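Inspection log for the structure reproduced underneath, given as structure tokens.
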Amino acid sequence: MSRRAFVARGAAAGLVLALDPIRVLRGGEAEAAGLGEGLPATLAPTPFLRIAPDGSVTIVVGRSEEGQGVRTALPMLVAEELDVDLGCVALLQAQPGDDFPNLSTGGSDSVRSAWVALRDTGAAAREMLITAAASRWRVPRTECRAEDGAVVHAPSGRKAPYGSLASAAARLPVPTNPPWRSREEWRLIGTRVARVDGPAIVTGRAVYGIDARPEGALVAAVARSPVPGGTLEKVDSARAREVPGVRSVVTIPGGVAVVAETTWAAFEGRDALSVTWDESAAAGLDSAAIWKLLEGAISRSQPTRWEGDVEGALASAPRRHAAEYRYPFQAHAPLEPTSCVADARGWRCVLYAPTQAPNRVQAEVARALDLPLEAVTVNVTLIGGGFGRRLAADDAVEAARISRAVDAPVQVVFSREDDFAHDFLHPASIDRLEAGLDVHGLPVALTHAMAELHLSMFGPLDLKSPGTWEGNPRGGWDTPYRLPNLRVDYAPVASPVRTGAWRAVSYPSGVFARECFLDELAHLAGQDPLRYRLALLDGPNVRLGSRVLDRSRLRRVVALAAEKAGWGTPLGPGRGRGIACNLYDLGTAVAEVVEVEVGRDGTVRVPRVVCAVDCGQVVNLWGVEGQVESGVVWGLTHALGSEMTFRKGRVVERSFADFPVLTIDAMPRVEVHAVSTERRPSGLGEPPVPPVAPALANALFAATGVRVRTLPIGRQARPPAAAPAAGSPPRS
Amino acid sequence: MLLSLRVNGRHRRVEVRPETPLLWVLRDVLGLRGTKLGCGAGQCGACTVQIAGVAHRSCVTAVSEVGEREVTTIEGLGGDGLHPCQRAWLDEDVAQCGYCQPGMLMEAAALLRDRPHPTDAEIDRALGGHLCRCGTYQRIRRAVHRAAGGGGGAP
Ligand code: FES
Ligand code: FES
């Protein structure tokens, strides 16, 4: 029986609007949706906005909070339209189900997609409340307005709080195209608003996935194959079972789980297991073999964009230049280790999951346990950093299987080593670029080929459907530069190791190659890299498929970043500036200037990063600045020191000692200049990441004259050292 | 083994093996889950608590080492209100995902006890072993200065 078929029990739900399409959920429907009196803490099956008779406002957030601030930015949109304090808007986290068939948080999309829907719904509610007040007072509607949580009738001085109007408003038709509040009336959008979860976070009350263990749940640590595709040969669990607190040891597909009363006992029990794996599937798998695979593939790459006579133009160009760039495997390593709670007792499963992909969790758990979808409930918790790792459901499936095996609620917890060893890594890739320059040093033709491991997180590579690779390589296919003859090639490669979406997905590598190469061309042409970029960004907008590449927005942020950074002013010996820019998915425009300081011993310090961004309308300025600061740290961490490698099929880097993350003592001064425009917001979780590495590499060249084409810089055999002779660097 | 602990001003008795890391006693036995697991190896600072006012990594501190000394966790940092660091953290909107912040706050509060007006270098030294994958370091630095009474910075 559908929830909607329940009969109303008569509780007054107030005004409840479902989103998309906006409609009133009436009596029984709202009640059945769990929206009657006394809202449950998490049950929120319908996308809705509710104004209760007591005046409280509640919305369902269909996005997971992983630090990007959605739980602040989304209610801001509603509060703005309703003209209520942000603190008055309560949030419920959406659960997958009929009404939320596709919950997913990624692609810097959260604010972008809510911009219209949430404001429309807030505006519709406001207009209905005004109509309800006007008819109650029998006054013309035009004399009433919404203000600070109430409708007021200025001529008579009457005032009715929203709560007192909610039930009457619910009987009215929903207006089509309700007007949005004008920019002049905005009180929240575009300002700095502190995140709503702040008080819970600083007092330790915030509940992350790892904290969401219900009373009485057991904890499981899983021994998994150390190599991809390994199969279990033999387990001896006698010693593990002797560890105090260990309840049982069970075998599940892909691993052996030690189930215990506490996390510590589970880890100790797991360490006491003796497990033998058949590792033959991973014979010969190491980093060198993977690079070979990519080298072989790049020569077989296929064009995804081809304009003009590239071969002819290259052949006749007075000067040619080619270079190859490599981007290594990277881990997500969110500070919260991977974890998930499942209670699979009975013919159902209830999960508490720090997930970016609740519907995927639901579907994979249902499949693993052979349950119908409706029997799987996913409660989404706060996430202690996601960055794409939480788009997978491996932890949830393990938890569900173990819970069923032991017939008790179970939390699977990864140790930090597990988290590194069983990540879905950002894939390694190779980019090859070649250009022909005219007599003025400007490119007449350019080729950009990339070979990249496929993201196994989203299923196996399907080479049979051509055309699916349009858009790749990211950063190459959508190059913003004016290039009369252009060919872009792509070779996706089936990955022998687990790979997945990472912050900015494929952009970091493609943009690293493109922006470094452009710097090289500028140098060959004897031109300033800033002016060279501006010259190549000077031109009309470009149609790419059904979308438009807007060069002017990128030009503007490039010029702004350079100006704020003092581009061209001298820096002194051993120091240099580099610039890089990108249009992320044709939306957010970012330009960054990195300043670097290189010691005689090759130590690299980054004292300052200046960023200019155009992400359309800024919703929460603090959120925007925070995402840029965060993206810069992410970019520097992965450009400077971290990478993941393989030896004998095993991940080599298994702790933060092997995978250095930028710390506060290396934190540069990050200056953020947000160009707020009236364009629809275009997202900012990922866009600041890609330009960091190339801007840094270009700065290193300016400081030392050495080109870095393989990341991370700190792991190269000969890291660039400051030139011994003092003098002004070759470029700004 | 039955041990008695003083945590956030309360006496607690726990039945655990003496080598159990304090982190797991706090989280799994006492239900104080504000103290986080980040690495379990002393490499990230997420699990930092104060023992007699000094910052310690609870993941590598055996519960038996604590003895009579008072343990303060993030839940007890502010007493009945907010510690100046917590207030400064809110004023500077430091947190992103927030997972590292309890450890950061416990360390920063311990620093301010010793050095009421720390320099940037002193902040870097104290917090240099704390990882934040969200990269909130710039705001953390500002917030520590603010908590020290030096005001935050722009914005
Ligand atoms: S969890 Fe203790 S230092 Fe990382
Ligand atoms: S705020 Fe996310 S790890 Fe620090």
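Letters A, B, ... go to the chains of the structure tokens in the order shown; residues in each chain start at 1; ligands are counted from 1 in the same order.
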
Report task. At a cut-off of 8 Å, list the chain A residues touching chain B, using only C-alpha atoms, as number ranges by chain. Result -> A: 65-69, 194-195, 198-199, 201-206, 208, 211, 262-264, 333-337, 382-385, 415-417, 622, 626, 629-634, 655-657, 661-665, 667-670

Requested in this report: Mind checking which residues fall within 12 Å of Ala166 of chain A, counting only C-alpha atoms, ignoring those fewer than 5 positions away in the same chain, and posting them as a ChimeraX atom specification?
Outcome: /A:12-17,24,26,49-57,125-133,149-151,160-161,171-172

Report task. Within segment 200-372 of chain A, find each residue whose DSSP state, derived from the backbone, is alpha helix (DSSP H), and express the selection as JSON, numbers by chain. Result -> {"A": [200, 201, 202, 238, 239, 240, 241, 242, 263, 264, 265, 266, 267, 268, 269, 270, 271, 287, 288, 289, 290, 291, 292, 293, 294, 295, 296, 297, 298, 310, 311, 312, 313, 314, 315, 316, 358, 359, 360, 361, 362, 363, 364, 365, 366, 367, 368, 369]}

Report task. Compare B:Leu22, B:Val7, B:Ala110, B:Ala148 by their minimum atom-to-atom distance to Arg57 of chain B, counting only C-alpha atoms, and give me the closest one. Result -> B:Leu22

Query raised in the report: Which parts of segment 92-234 of chain A does DSSP call strand (DSSP E) when run on the backbone here, written out as JSON, numbers by chain?
Result: {"A": [92, 93, 144, 145, 146, 147, 150, 151, 152, 153, 158, 159, 160, 161, 218, 219, 220, 221, 222, 223, 224, 231, 232, 233, 234]}

Requested in this report: Find the residues near segment 66-72 of chain B: any atom within 10 Å, counting only C-alpha atoms, skip ones fewer than 5 places away on the same chain, and give them as a ChimeraX atom specification.
Outcome: /B:3-11,22,26,48-56,61,77-79,106

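Among the candidates A:Glu185, A:Met76, A:Trp502, A:Gln627, the one nearest to ligand 2 when counting only C-alpha atoms and all ligand atoms is A:Gln627.
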
Query raised in the report: For the atom pair atom CA of Thr447 of chain A and atom CA of Asn485 of chain A, what is the interatomic distance in Å to one decimal place?
Result: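 Going from atom CA of Thr447 of chain A over to atom CA of Asn485 of chain A, I get 8.5 Å.
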
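Minimum atom-to-atom distances from B:Leu30, B:Pro84, B:Glu107, B:Ser58 to Gly149 of chain B were compared using only C-alpha atoms, and the lowest value belongs to B:Pro84.
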
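Between atom CA of Asn379 of chain A and atom CA of Val84 of chain A there is a distance of 28.0 Å.
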
Query - Selected residue of minimal separation from ligand 1 among B:Val60, B:Ala143, B:Met1, B:Ala109, counting only C-alpha atoms and all ligand atoms - result: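 Comparing B:Val60, B:Ala143, B:Met1, B:Ala109 against ligand 1, the winner is B:Val60.
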